[in-house]
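Below: final_30.cif (mmCIF, C-alpha atoms and all ligand atoms)
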data_start
loop_
_atom_site.label_atom_id
_atom_site.label_comp_id
_atom_site.auth_asym_id
_atom_site.auth_seq_id
_atom_site.Cartn_x
_atom_site.Cartn_y
_atom_site.Cartn_z
CA MET A 169 27.57 -13.36 -17.58
CA THR A 170 25.62 -10.41 -16.20
CA LEU A 171 23.96 -10.38 -12.81
CA SER A 172 20.61 -10.10 -14.51
CA ASP A 173 21.24 -13.33 -16.48
CA ARG A 174 22.51 -15.04 -13.39
CA ILE A 175 19.26 -14.22 -11.57
CA THR A 176 17.14 -15.34 -14.51
CA ASP A 177 19.07 -18.65 -14.53
CA LYS A 178 18.09 -19.23 -10.92
CA ARG A 179 14.41 -19.54 -11.79
CA ASP A 180 14.08 -23.16 -10.57
CA ASP A 181 15.91 -22.36 -7.36
CA LEU A 182 13.64 -19.36 -6.78
CA ILE A 183 10.51 -21.46 -7.34
CA GLN A 184 11.71 -24.19 -4.99
CA LEU A 185 12.68 -21.66 -2.33
CA THR A 186 9.30 -19.93 -2.49
CA GLN A 187 7.47 -23.25 -2.27
CA ASP A 188 9.60 -24.35 0.69
CA LEU A 189 8.79 -21.11 2.53
CA ILE A 190 5.05 -21.39 1.83
CA ARG A 191 5.07 -24.99 3.11
CA ILE A 192 6.12 -23.84 6.57
CA PRO A 193 2.78 -22.62 7.98
CA THR A 194 3.81 -19.59 10.03
CA LEU A 195 0.30 -18.59 11.06
CA ASN A 196 -0.07 -15.48 13.17
CA PRO A 197 -1.91 -15.51 15.46
CA PRO A 198 -0.80 -17.51 17.33
CA GLY A 199 2.70 -17.39 15.81
CA GLU A 200 3.36 -20.94 14.65
CA ASN A 201 6.63 -22.38 13.33
CA TYR A 202 8.70 -19.22 13.71
CA ARG A 203 11.67 -21.30 14.86
CA GLU A 204 11.20 -23.71 11.96
CA ILE A 205 11.28 -20.99 9.32
CA CYS A 206 14.30 -19.33 10.97
CA ASP A 207 16.11 -22.69 11.01
CA PHE A 208 15.28 -23.15 7.34
CA LEU A 209 16.62 -19.68 6.47
CA ASP A 210 19.66 -20.27 8.67
CA LYS A 211 20.57 -23.43 6.74
CA ARG A 212 20.04 -21.76 3.39
CA LEU A 213 21.96 -18.57 4.13
CA THR A 214 24.93 -20.06 6.02
CA LYS A 215 25.47 -22.25 2.97
CA HIS A 216 25.94 -19.03 1.01
CA GLY A 217 28.46 -17.51 3.39
CA PHE A 218 26.15 -15.52 5.66
CA GLN A 219 26.75 -15.23 9.41
CA THR A 220 23.45 -15.65 11.20
CA GLN A 221 21.97 -14.72 14.54
CA MET A 222 18.77 -16.13 15.99
CA ILE A 223 17.01 -13.63 18.19
CA ARG A 224 14.00 -14.46 20.32
CA ALA A 225 11.89 -11.42 21.20
CA THR A 226 11.44 -12.57 24.76
CA GLY A 227 8.63 -10.94 26.68
CA THR A 228 6.96 -9.26 23.69
CA PRO A 229 3.18 -9.66 23.14
CA GLY A 230 2.40 -13.29 22.32
CA ASP A 231 5.86 -14.61 23.17
CA SER A 232 5.64 -17.83 25.22
CA GLU A 233 7.35 -21.20 25.52
CA LYS A 234 4.69 -22.58 23.21
CA TYR A 235 4.88 -19.71 20.70
CA PRO A 236 8.32 -18.14 20.95
CA ARG A 237 8.90 -15.06 18.77
CA TRP A 238 11.99 -16.10 16.79
CA ASN A 239 13.76 -13.83 14.31
CA ILE A 240 16.83 -14.32 12.15
CA VAL A 241 19.34 -11.74 10.98
CA ALA A 242 21.91 -12.93 8.44
CA ARG A 243 24.87 -10.86 7.35
CA ARG A 244 27.42 -11.29 4.59
CA ASP A 245 30.39 -8.94 4.64
CA GLY A 246 32.14 -8.08 1.41
CA ALA A 247 35.85 -8.02 0.70
CA GLN A 248 36.10 -4.35 1.67
CA THR A 249 34.26 -2.13 4.07
CA GLY A 250 31.38 -0.02 2.84
CA GLU A 251 27.67 0.49 3.30
CA CYS A 252 25.22 -2.14 4.47
CA VAL A 253 22.05 -2.96 2.53
CA HIS A 254 19.42 -4.71 4.62
CA PHE A 255 16.48 -6.69 3.19
CA ASN A 256 13.78 -7.18 5.81
CA SER A 257 10.90 -9.60 5.34
CA HIS A 258 8.30 -10.74 7.82
CA THR A 259 7.89 -14.49 7.99
CA ASP A 260 4.39 -14.59 9.49
CA VAL A 261 1.20 -15.06 7.50
CA VAL A 262 -2.43 -14.37 8.39
CA GLU A 263 -5.13 -16.97 8.86
CA VAL A 264 -6.24 -18.95 5.81
CA GLY A 265 -9.95 -18.02 5.76
CA HIS A 266 -12.50 -19.57 3.40
CA GLY A 267 -12.80 -19.81 -0.36
CA TRP A 268 -9.53 -21.49 -1.36
CA THR A 269 -9.35 -23.73 -4.42
CA PHE A 270 -5.63 -24.45 -3.84
CA ASP A 271 -3.97 -25.99 -0.79
CA PRO A 272 -3.01 -22.88 1.23
CA PHE A 273 0.27 -24.48 2.32
CA GLY A 274 0.92 -26.57 -0.78
CA GLY A 275 2.88 -24.12 -2.92
CA ASP A 276 1.14 -25.40 -6.07
CA ILE A 277 2.12 -23.92 -9.41
CA SER A 278 -0.45 -23.06 -12.03
CA ASP A 279 -0.13 -20.76 -15.04
CA GLY A 280 3.18 -19.21 -13.95
CA LYS A 281 2.01 -18.50 -10.42
CA ILE A 282 2.80 -20.07 -7.07
CA TYR A 283 -0.21 -20.33 -4.77
CA GLY A 284 -0.38 -20.31 -1.01
CA ARG A 285 -1.00 -18.25 2.11
CA GLY A 286 1.87 -15.78 2.26
CA ALA A 287 2.88 -16.33 -1.40
CA CYS A 288 2.63 -12.62 -2.11
CA ASP A 289 2.59 -11.28 1.49
CA MET A 290 5.50 -11.84 1.63
CA LYS A 291 7.36 -15.09 1.16
CA GLY A 292 7.71 -14.41 -2.58
CA GLY A 293 9.44 -11.12 -1.76
CA LEU A 294 11.69 -12.82 0.79
CA ALA A 295 12.67 -15.48 -1.76
CA ALA A 296 13.34 -12.84 -4.45
CA SER A 297 15.65 -10.90 -2.12
CA ILE A 298 17.57 -14.05 -1.17
CA ILE A 299 18.08 -15.01 -4.82
CA ALA A 300 19.14 -11.44 -5.68
CA ALA A 301 21.68 -11.39 -2.83
CA GLU A 302 23.09 -14.84 -3.57
CA ALA A 303 23.46 -14.09 -7.28
CA PHE A 304 25.08 -10.74 -6.51
CA ILE A 305 27.65 -12.39 -4.22
CA GLU A 306 28.49 -15.00 -6.90
CA GLU A 307 28.84 -12.34 -9.57
CA HIS A 308 30.80 -9.87 -7.42
CA PRO A 309 32.63 -11.80 -4.68
CA ASN A 310 34.82 -8.74 -4.00
CA PHE A 311 31.97 -6.31 -3.33
CA GLN A 312 32.38 -3.62 -0.72
CA GLY A 313 30.11 -3.28 2.26
CA ALA A 314 27.63 -5.83 3.54
CA ILE A 315 24.30 -7.45 2.78
CA GLU A 316 21.88 -8.32 5.54
CA ILE A 317 18.74 -10.41 5.23
CA SER A 318 16.32 -10.64 8.11
CA GLY A 319 13.26 -12.83 8.60
CA THR A 320 11.12 -11.33 11.32
CA ALA A 321 8.05 -12.27 13.33
CA ASP A 322 4.68 -10.70 13.98
CA GLU A 323 4.45 -7.98 11.30
CA GLU A 324 0.79 -8.90 10.85
CA SER A 325 0.14 -8.18 14.52
CA GLY A 326 2.15 -4.96 14.80
CA GLY A 327 5.77 -6.14 14.59
CA TYR A 328 6.50 -5.84 18.32
CA GLY A 329 8.02 -9.35 18.48
CA GLY A 330 9.90 -8.72 15.25
CA VAL A 331 11.29 -5.52 13.76
CA ALA A 332 10.41 -3.35 16.77
CA TYR A 333 12.38 -5.67 19.04
CA LEU A 334 15.36 -5.82 16.68
CA ALA A 335 15.33 -2.03 16.36
CA GLU A 336 15.41 -1.72 20.14
CA LYS A 337 18.42 -4.04 20.18
CA GLY A 338 20.25 -1.79 17.71
CA PHE A 339 19.92 -3.90 14.57
CA PHE A 340 18.72 -0.86 12.59
CA ASP A 341 21.24 1.59 13.96
CA PRO A 342 22.12 3.93 11.05
CA ASP A 343 25.79 3.45 11.91
CA LYS A 344 25.42 -0.25 11.14
CA VAL A 345 22.78 -0.30 8.41
CA GLN A 346 22.51 2.38 5.72
CA HIS A 347 19.79 1.16 3.35
CA VAL A 348 16.66 -0.88 4.09
CA ILE A 349 14.44 -2.53 1.51
CA ILE A 350 11.29 -4.29 2.71
CA PRO A 351 10.06 -6.61 -0.08
CA GLU A 352 6.35 -6.24 0.72
CA PRO A 353 4.05 -6.85 -2.29
CA LEU A 354 3.88 -3.33 -3.69
CA GLN A 355 4.48 -4.42 -7.34
CA LYS A 356 7.74 -4.74 -9.21
CA ASP A 357 7.52 -1.27 -10.82
CA ARG A 358 6.49 0.76 -7.76
CA ILE A 359 8.40 2.19 -4.82
CA CYS A 360 6.52 2.54 -1.56
CA LEU A 361 7.88 5.52 0.36
CA GLY A 362 6.01 4.95 3.58
CA HIS A 363 2.63 4.70 5.22
CA ARG A 364 0.02 6.63 7.19
CA GLY A 365 -0.09 6.62 10.96
CA GLY A 366 -2.75 5.03 13.13
CA TRP A 367 -4.43 5.72 16.45
CA TRP A 368 -6.74 3.22 18.11
CA ALA A 369 -8.90 4.00 21.09
CA GLU A 370 -11.95 2.84 22.99
CA ILE A 371 -14.57 5.35 24.02
CA GLU A 372 -17.06 4.45 26.70
CA THR A 373 -20.08 6.56 27.54
CA LYS A 374 -21.52 6.09 31.01
CA GLY A 375 -25.11 5.97 32.17
CA GLU A 376 -27.16 4.62 35.02
CA ILE A 377 -29.11 1.39 35.09
CA ALA A 378 -32.85 1.55 35.76
CA HIS A 379 -36.03 -0.26 34.79
CA GLY A 380 -36.71 -0.02 31.05
CA SER A 381 -40.28 1.09 31.66
CA MET A 382 -39.04 4.17 33.52
CA PRO A 383 -35.95 5.27 31.58
CA PHE A 384 -36.17 8.73 33.16
CA LEU A 385 -35.06 7.14 36.42
CA GLY A 386 -31.79 6.08 34.82
CA ASP A 387 -29.45 7.49 32.21
CA CYS A 388 -29.09 5.81 28.82
CA ALA A 389 -25.43 5.33 27.84
CA VAL A 390 -26.45 4.37 24.28
CA ARG A 391 -28.14 7.74 23.75
CA HIS A 392 -24.99 9.44 24.97
CA MET A 393 -23.02 7.42 22.43
CA GLY A 394 -25.52 8.49 19.78
CA ALA A 395 -24.59 12.07 20.61
CA VAL A 396 -20.89 11.19 20.22
CA LEU A 397 -21.53 9.64 16.82
CA SER A 398 -23.51 12.63 15.60
CA GLU A 399 -20.65 14.93 16.67
CA PHE A 400 -18.35 12.74 14.60
CA GLU A 401 -20.71 12.95 11.62
CA ALA A 402 -21.24 16.68 11.90
CA LYS A 403 -17.68 17.79 12.66
CA LEU A 404 -14.96 15.15 12.61
CA TYR A 405 -15.72 13.38 9.32
CA PRO A 406 -16.03 16.59 7.27
CA ALA A 407 -12.81 17.92 8.85
CA MET A 408 -10.90 14.73 8.04
CA ALA A 409 -12.24 14.59 4.50
CA ALA A 410 -10.90 18.09 3.86
CA ARG A 411 -7.34 17.13 4.76
CA PHE A 412 -5.26 15.90 1.86
CA THR A 413 -1.77 14.57 2.03
CA GLU A 414 1.33 15.02 -0.03
CA MET A 415 1.92 11.29 0.47
CA PRO A 416 1.17 9.32 -2.72
CA VAL A 417 -1.16 6.95 -0.86
CA VAL A 418 -2.98 4.31 -2.89
CA PRO A 419 -5.85 3.78 -3.26
CA GLU A 420 -6.83 7.41 -3.80
CA GLY A 421 -9.53 7.34 -1.09
CA ALA A 422 -6.83 6.89 1.55
CA ARG A 423 -5.08 10.13 0.52
CA GLN A 424 -7.00 11.87 3.30
CA SER A 425 -7.52 11.27 6.97
CA THR A 426 -9.93 8.42 7.71
CA MET A 427 -11.60 6.83 10.68
CA ASN A 428 -13.37 3.51 11.00
CA ILE A 429 -15.64 2.65 13.88
CA ASN A 430 -14.66 -0.95 14.44
CA SER A 431 -17.33 -1.95 16.91
CA ILE A 432 -20.12 -0.69 19.08
CA HIS A 433 -21.66 -2.30 22.07
CA GLY A 434 -24.06 -1.03 24.71
CA GLY A 435 -26.29 -2.56 27.31
CA GLN A 436 -26.80 -6.23 27.97
CA LYS A 437 -24.36 -8.77 26.57
CA GLU A 438 -25.56 -10.45 23.43
CA GLN A 439 -26.64 -14.02 24.12
CA THR A 440 -25.42 -17.07 22.22
CA ASP A 441 -27.44 -18.26 19.22
CA ASP A 442 -28.96 -21.15 21.17
CA PHE A 443 -30.48 -18.85 23.78
CA THR A 444 -34.24 -18.76 23.34
CA GLY A 445 -35.25 -16.38 26.12
CA LEU A 446 -36.25 -12.73 25.94
CA PRO A 447 -34.15 -9.78 27.09
CA ALA A 448 -34.69 -8.13 30.47
CA HIS A 449 -35.77 -4.49 30.51
CA CYS A 450 -32.88 -2.31 31.54
CA VAL A 451 -31.49 1.12 30.77
CA PRO A 452 -27.88 0.55 29.64
CA ASP A 453 -25.27 2.04 31.92
CA SER A 454 -22.38 1.60 29.48
CA CYS A 455 -21.78 1.86 25.74
CA ARG A 456 -18.41 1.32 24.07
CA ILE A 457 -16.97 1.91 20.63
CA VAL A 458 -13.52 1.18 19.24
CA ILE A 459 -12.20 3.67 16.72
CA ASP A 460 -9.45 3.18 14.12
CA ARG A 461 -8.17 6.57 13.10
CA ARG A 462 -5.59 6.69 10.25
CA TYR A 463 -3.68 9.91 9.98
CA LEU A 464 -1.35 11.71 7.63
CA VAL A 465 2.27 12.72 7.77
CA GLU A 466 1.01 16.33 7.90
CA GLU A 467 -0.81 15.65 11.20
CA THR A 468 0.63 14.85 14.60
CA LEU A 469 -0.56 12.19 16.98
CA ASP A 470 -1.32 14.90 19.55
CA GLN A 471 -3.57 16.76 17.11
CA VAL A 472 -5.39 13.55 16.21
CA ARG A 473 -5.98 12.66 19.84
CA ASP A 474 -6.89 16.22 20.89
CA GLU A 475 -9.42 16.58 18.10
CA VAL A 476 -11.44 13.63 19.39
CA LYS A 477 -11.02 14.67 23.02
CA ALA A 478 -12.22 18.21 22.23
CA LEU A 479 -15.46 16.86 20.77
CA LEU A 480 -16.03 14.70 23.84
CA GLU A 481 -15.23 17.54 26.22
CA GLY A 482 -17.61 19.76 24.24
CA LEU A 483 -20.40 17.27 24.90
CA ARG A 484 -19.57 17.32 28.59
CA GLU A 485 -20.28 21.06 28.52
CA THR A 486 -23.47 20.95 26.49
CA ARG A 487 -25.13 17.63 27.23
CA PRO A 488 -26.60 17.01 30.69
CA ASP A 489 -25.06 14.07 32.60
CA PHE A 490 -22.63 13.27 29.78
CA ASP A 491 -19.67 11.30 31.07
CA TYR A 492 -17.13 9.28 29.16
CA GLU A 493 -13.82 7.49 29.39
CA LEU A 494 -11.29 7.35 26.61
CA THR A 495 -8.75 4.51 26.62
CA GLU A 496 -5.96 4.52 24.10
CA LEU A 497 -5.28 1.08 22.68
CA ASN A 498 -2.33 1.65 20.37
CA SER A 499 -0.72 4.12 18.03
CA VAL A 500 1.84 4.13 15.22
CA ILE A 501 3.53 7.05 13.58
CA PRO A 502 3.30 7.80 9.87
CA SER A 503 6.54 7.28 7.99
CA MET A 504 7.57 8.82 4.71
CA THR A 505 11.00 8.54 3.17
CA ASP A 506 12.19 11.43 1.03
CA LYS A 507 12.11 10.86 -2.72
CA THR A 508 15.72 11.98 -2.89
CA ALA A 509 16.91 9.48 -0.24
CA PRO A 510 19.72 7.27 -1.59
CA VAL A 511 17.76 4.00 -1.43
CA VAL A 512 14.84 5.59 -3.30
CA GLU A 513 17.01 7.03 -6.07
CA THR A 514 18.96 3.78 -6.37
CA VAL A 515 15.92 1.53 -6.65
CA ALA A 516 14.25 4.01 -9.02
CA LYS A 517 17.23 3.81 -11.35
CA ALA A 518 17.24 0.02 -11.07
CA ILE A 519 13.54 -0.19 -11.96
CA GLU A 520 14.12 2.03 -14.98
CA GLU A 521 17.01 -0.19 -16.10
CA VAL A 522 15.19 -3.48 -15.65
CA MET A 523 11.59 -2.56 -16.49
CA GLY A 524 12.37 0.10 -19.09
CA LYS A 525 10.21 2.78 -17.46
CA PRO A 526 10.42 4.99 -14.39
CA PRO A 527 8.77 3.78 -11.19
CA THR A 528 5.48 4.91 -9.72
CA TYR A 529 5.82 6.23 -6.17
CA VAL A 530 3.19 5.10 -3.69
CA ALA A 531 2.49 5.07 0.03
CA SER A 532 0.50 2.52 1.95
CA PRO A 533 -2.87 3.24 3.63
CA GLY A 534 -2.05 0.82 6.45
CA SER A 535 1.28 0.58 8.18
CA TYR A 536 4.06 -1.99 7.97
CA ASP A 537 7.40 -2.42 9.75
CA GLN A 538 8.91 0.79 8.34
CA LYS A 539 7.42 2.64 11.36
CA HIS A 540 9.73 0.78 13.76
CA ILE A 541 12.81 1.26 11.60
CA ASP A 542 11.98 4.97 11.44
CA ARG A 543 10.86 5.69 15.03
CA ILE A 544 12.94 3.22 17.07
CA GLY A 545 15.84 2.63 14.70
CA LYS A 546 16.06 6.31 13.67
CA LEU A 547 16.85 5.08 10.17
CA LYS A 548 15.09 7.14 7.49
CA ASN A 549 16.56 5.56 4.38
CA CYS A 550 13.94 2.81 4.06
CA ILE A 551 11.37 1.75 1.45
CA ALA A 552 9.07 -1.11 0.63
CA TYR A 553 9.82 -2.66 -2.73
CA GLY A 554 8.85 -6.16 -3.80
CA PRO A 555 6.90 -8.37 -6.20
CA GLY A 556 3.21 -9.18 -5.99
CA LEU A 557 -0.11 -7.41 -5.92
CA LEU A 558 -1.16 -5.84 -2.63
CA GLU A 559 -4.81 -6.61 -3.42
CA LEU A 560 -4.09 -10.34 -3.12
CA ALA A 561 -2.70 -10.09 0.39
CA HIS A 562 -4.84 -11.88 2.98
CA LYS A 563 -7.24 -13.14 0.25
CA PRO A 564 -8.13 -16.74 -0.71
CA ASP A 565 -6.00 -18.20 -3.53
CA GLU A 566 -3.21 -15.73 -2.83
CA TYR A 567 -0.41 -16.15 -5.38
CA ILE A 568 2.87 -14.71 -6.55
CA GLY A 569 3.82 -14.48 -10.24
CA ILE A 570 7.12 -16.23 -10.99
CA ASP A 571 8.14 -13.70 -13.66
CA ASP A 572 7.33 -10.86 -11.24
CA MET A 573 9.65 -12.38 -8.65
CA ILE A 574 12.42 -12.72 -11.25
CA ASP A 575 12.00 -9.10 -12.38
CA SER A 576 12.01 -7.70 -8.88
CA ALA A 577 15.04 -9.83 -7.97
CA ARG A 578 16.78 -8.28 -10.99
CA VAL A 579 15.86 -4.82 -9.71
CA MET A 580 17.19 -5.68 -6.24
CA GLY A 581 20.38 -7.04 -7.82
CA ALA A 582 20.86 -3.86 -9.87
CA ALA A 583 20.36 -1.79 -6.71
CA LEU A 584 23.04 -3.84 -4.94
CA GLU A 585 25.42 -3.19 -7.83
CA THR A 586 24.90 0.55 -7.47
CA LEU A 587 25.32 0.55 -3.70
CA LEU A 588 28.01 -2.08 -3.11
CA LEU A 589 30.39 -1.92 -6.04
CA PRO A 590 33.28 0.55 -6.14
CA LYS A 591 32.18 3.74 -7.90
CA GLY A 592 33.57 4.66 -11.28
ZN ZN B 601 3.15 -8.06 4.64
#
File written out as structure tokens:
Amino acid sequence: MTLSDRITDKRDDLIQLTQDLIRIPTLNPPGENYREICDFLDKRLTKHGFQTQMIRATGTPGDSEKYPRWNIVARRDGAQTGECVHFNSHTDVVEVGHGWTFDPFGGDISDGKIYGRGACDMKGGLAASIIAAEAFIEEHPNFQGAIEISGTADEESGGYGGVAYLAEKGFFDPDKVQHVIIPEPLQKDRICLGHRGGWWAEIETKGEIAHGSMPFLGDCAVRHMGAVLSEFEAKLYPAMAARFTEMPVVPEGARQSTMNINSIHGGQKEQTDDFTGLPAHCVPDSCRIVIDRRYLVEETLDQVRDEVKALLEGLRETRPDFDYELTELNSVIPSMTDKTAPVVETVAKAIEEVMGKPPTYVASPGSYDQKHIDRIGKLKNCIAYGPGLLELAHKPDEYIGIDDMIDSARVMGAALETLLLPKG
């Protein structure tokens, strides 16, 4: 029997496993049932000879007695020493939202697809990697090296209670782990090399309150913010649009620097819908926006930050009474693995073998846990590769194709054969 046949024969097991994972509602926020899904994975993987560790990311954002941030790392050593291949999947899923025709936690099957929140992002990928590893171990009990499978918390909220915490604890030390595959839903014939960076900040312009009938006695913070926005329109947006990246980001529009303005608020608080009164007449003394700036591997965080600050400082020089405060909210670095890195070349060859055509290389517009493996773990040999369509992530009636899971499990199995069997 070949490994590929062995994986194909595990179709029913793969379906059941995916359904079982979907039926544990690991909603984040707030971070429900993390312990339950780790216990489930623990039972499954110890049965197949893995040693497991349960790690609670104590003290990370959101961690509490009610919602503890549990993670599992399972390891199976081969008969001889060698390299370690690590499959990392996040176990959390985002809120359900509206518009579902299937039970979001039912794991229903229709037309060759399994439906549910997290089916494609990314319980289907987790299940595929488990089946690939288990089949590989059955086929090659004397393999050299080790296989690790982790199920981690909080990717959807930044990964601080998951991969970031594990990386800080040394779980992605390049001396211990040599290859990382993250089975995010990037499609079975594509290799995702990395992602753009992000910088989030709040900008507040300051004014002075006064009676609305005599605005000249105060200073309107909203007008100051208007000046900020027109600086962005006149200078920042054209500058960002002119910057293209070498990264193969999809969709095409994200192949340049971008910035979203997430929110704007100035002046009096908005009242609830049942309020029937009229507003008071005041000059607003504060206006705030939150910006979401996504940047390229060719830019540095300092440049990104300084560019915005320079525009604001420029206004301080030219605009009377202009005053502002900039508060950084969060930042993540861009990450891009080299196309010639061993895990990339190995998975590329595996895709060609299984799918009969070379892979497409992509990069993600938003970030995922690769940033922590890169920055904290200092491990560069990392990609995202897994079944499913990225466009379905976070949508109603999210699904994973069963054949797609089988094919990507075969690719993962072929990659394990290249990396963990004696050469020649
Ligand atoms: Zn995901």
Do you know which residues are within 6 Å of ligand ZN 601 (chain B) using all atoms listed in the file? Can you write them as a PyMOL selection string? chain A and resi 289-290+352
Work out where the centre of an axis-aligned box around every listed atom of segment 515-528 of chain A lies and how long its edges are once 6 Å is added on each side; give both in Å to one decimal as AutoDock Vina command-line options.
--center_x 11.4 --center_y 0.8 --center_z -12.9 --size_x 23.8 --size_y 20.5 --size_z 24.4
Nearby residues, (-10.9, 15.5, 17.3) file frame, 12 Å, all atoms listed in the file, as a short mmCIF file (atom, residue, chain, number, x, y, z; two decimals) with C-alpha atoms, in the frame of the given file:
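Output file out.cif is given in full below:
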data_model
loop_
_atom_site.label_atom_id
_atom_site.label_comp_id
_atom_site.auth_asym_id
_atom_site.auth_seq_id
_atom_site.Cartn_x
_atom_site.Cartn_y
_atom_site.Cartn_z
CA TRP A 367 -4.43 5.72 16.45
CA VAL A 396 -20.89 11.19 20.22
CA GLU A 399 -20.65 14.93 16.67
CA PHE A 400 -18.35 12.74 14.60
CA GLU A 401 -20.71 12.95 11.62
CA ALA A 402 -21.24 16.68 11.90
CA LYS A 403 -17.68 17.79 12.66
CA LEU A 404 -14.96 15.15 12.61
CA TYR A 405 -15.72 13.38 9.32
CA PRO A 406 -16.03 16.59 7.27
CA ALA A 407 -12.81 17.92 8.85
CA MET A 408 -10.90 14.73 8.04
CA SER A 425 -7.52 11.27 6.97
CA THR A 426 -9.93 8.42 7.71
CA MET A 427 -11.60 6.83 10.68
CA ILE A 459 -12.20 3.67 16.72
CA ARG A 461 -8.17 6.57 13.10
CA TYR A 463 -3.68 9.91 9.98
CA GLU A 467 -0.81 15.65 11.20
CA THR A 468 0.63 14.85 14.60
CA LEU A 469 -0.56 12.19 16.98
CA ASP A 470 -1.32 14.90 19.55
CA GLN A 471 -3.57 16.76 17.11
CA VAL A 472 -5.39 13.55 16.21
CA ARG A 473 -5.98 12.66 19.84
CA ASP A 474 -6.89 16.22 20.89
CA GLU A 475 -9.42 16.58 18.10
CA VAL A 476 -11.44 13.63 19.39
CA LYS A 477 -11.02 14.67 23.02
CA ALA A 478 -12.22 18.21 22.23
CA LEU A 479 -15.46 16.86 20.77
CA LEU A 480 -16.03 14.70 23.84
CA GLU A 481 -15.23 17.54 26.22
CA GLY A 482 -17.61 19.76 24.24
#
Which residues, written as a PyMOL selection string, have at least one atom at most 9 Å from Lys178 of chain A, with all atoms listed in the file counted and residues fewer than 6 positions away on the same chain left out? chain A and resi 299+303+574
Selected residues written out with C-alpha atoms, as a PDB file, in the frame of the given file:
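Dumped to again13.pdb:
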ATOM      1  CA  ILE A 299      18.080 -15.010  -4.820  1.00  0.00           C
ATOM      2  CA  ALA A 303      23.460 -14.090  -7.280  1.00  0.00           C
ATOM      3  CA  ILE A 574      12.420 -12.720 -11.250  1.00  0.00           C
TER       4      ILE A 574
END
Proximity to Ala448 of chain A - best of A:Gly217, A:Pro510, A:Pro488, A:Gly380, all atoms listed in the file: A:Gly380
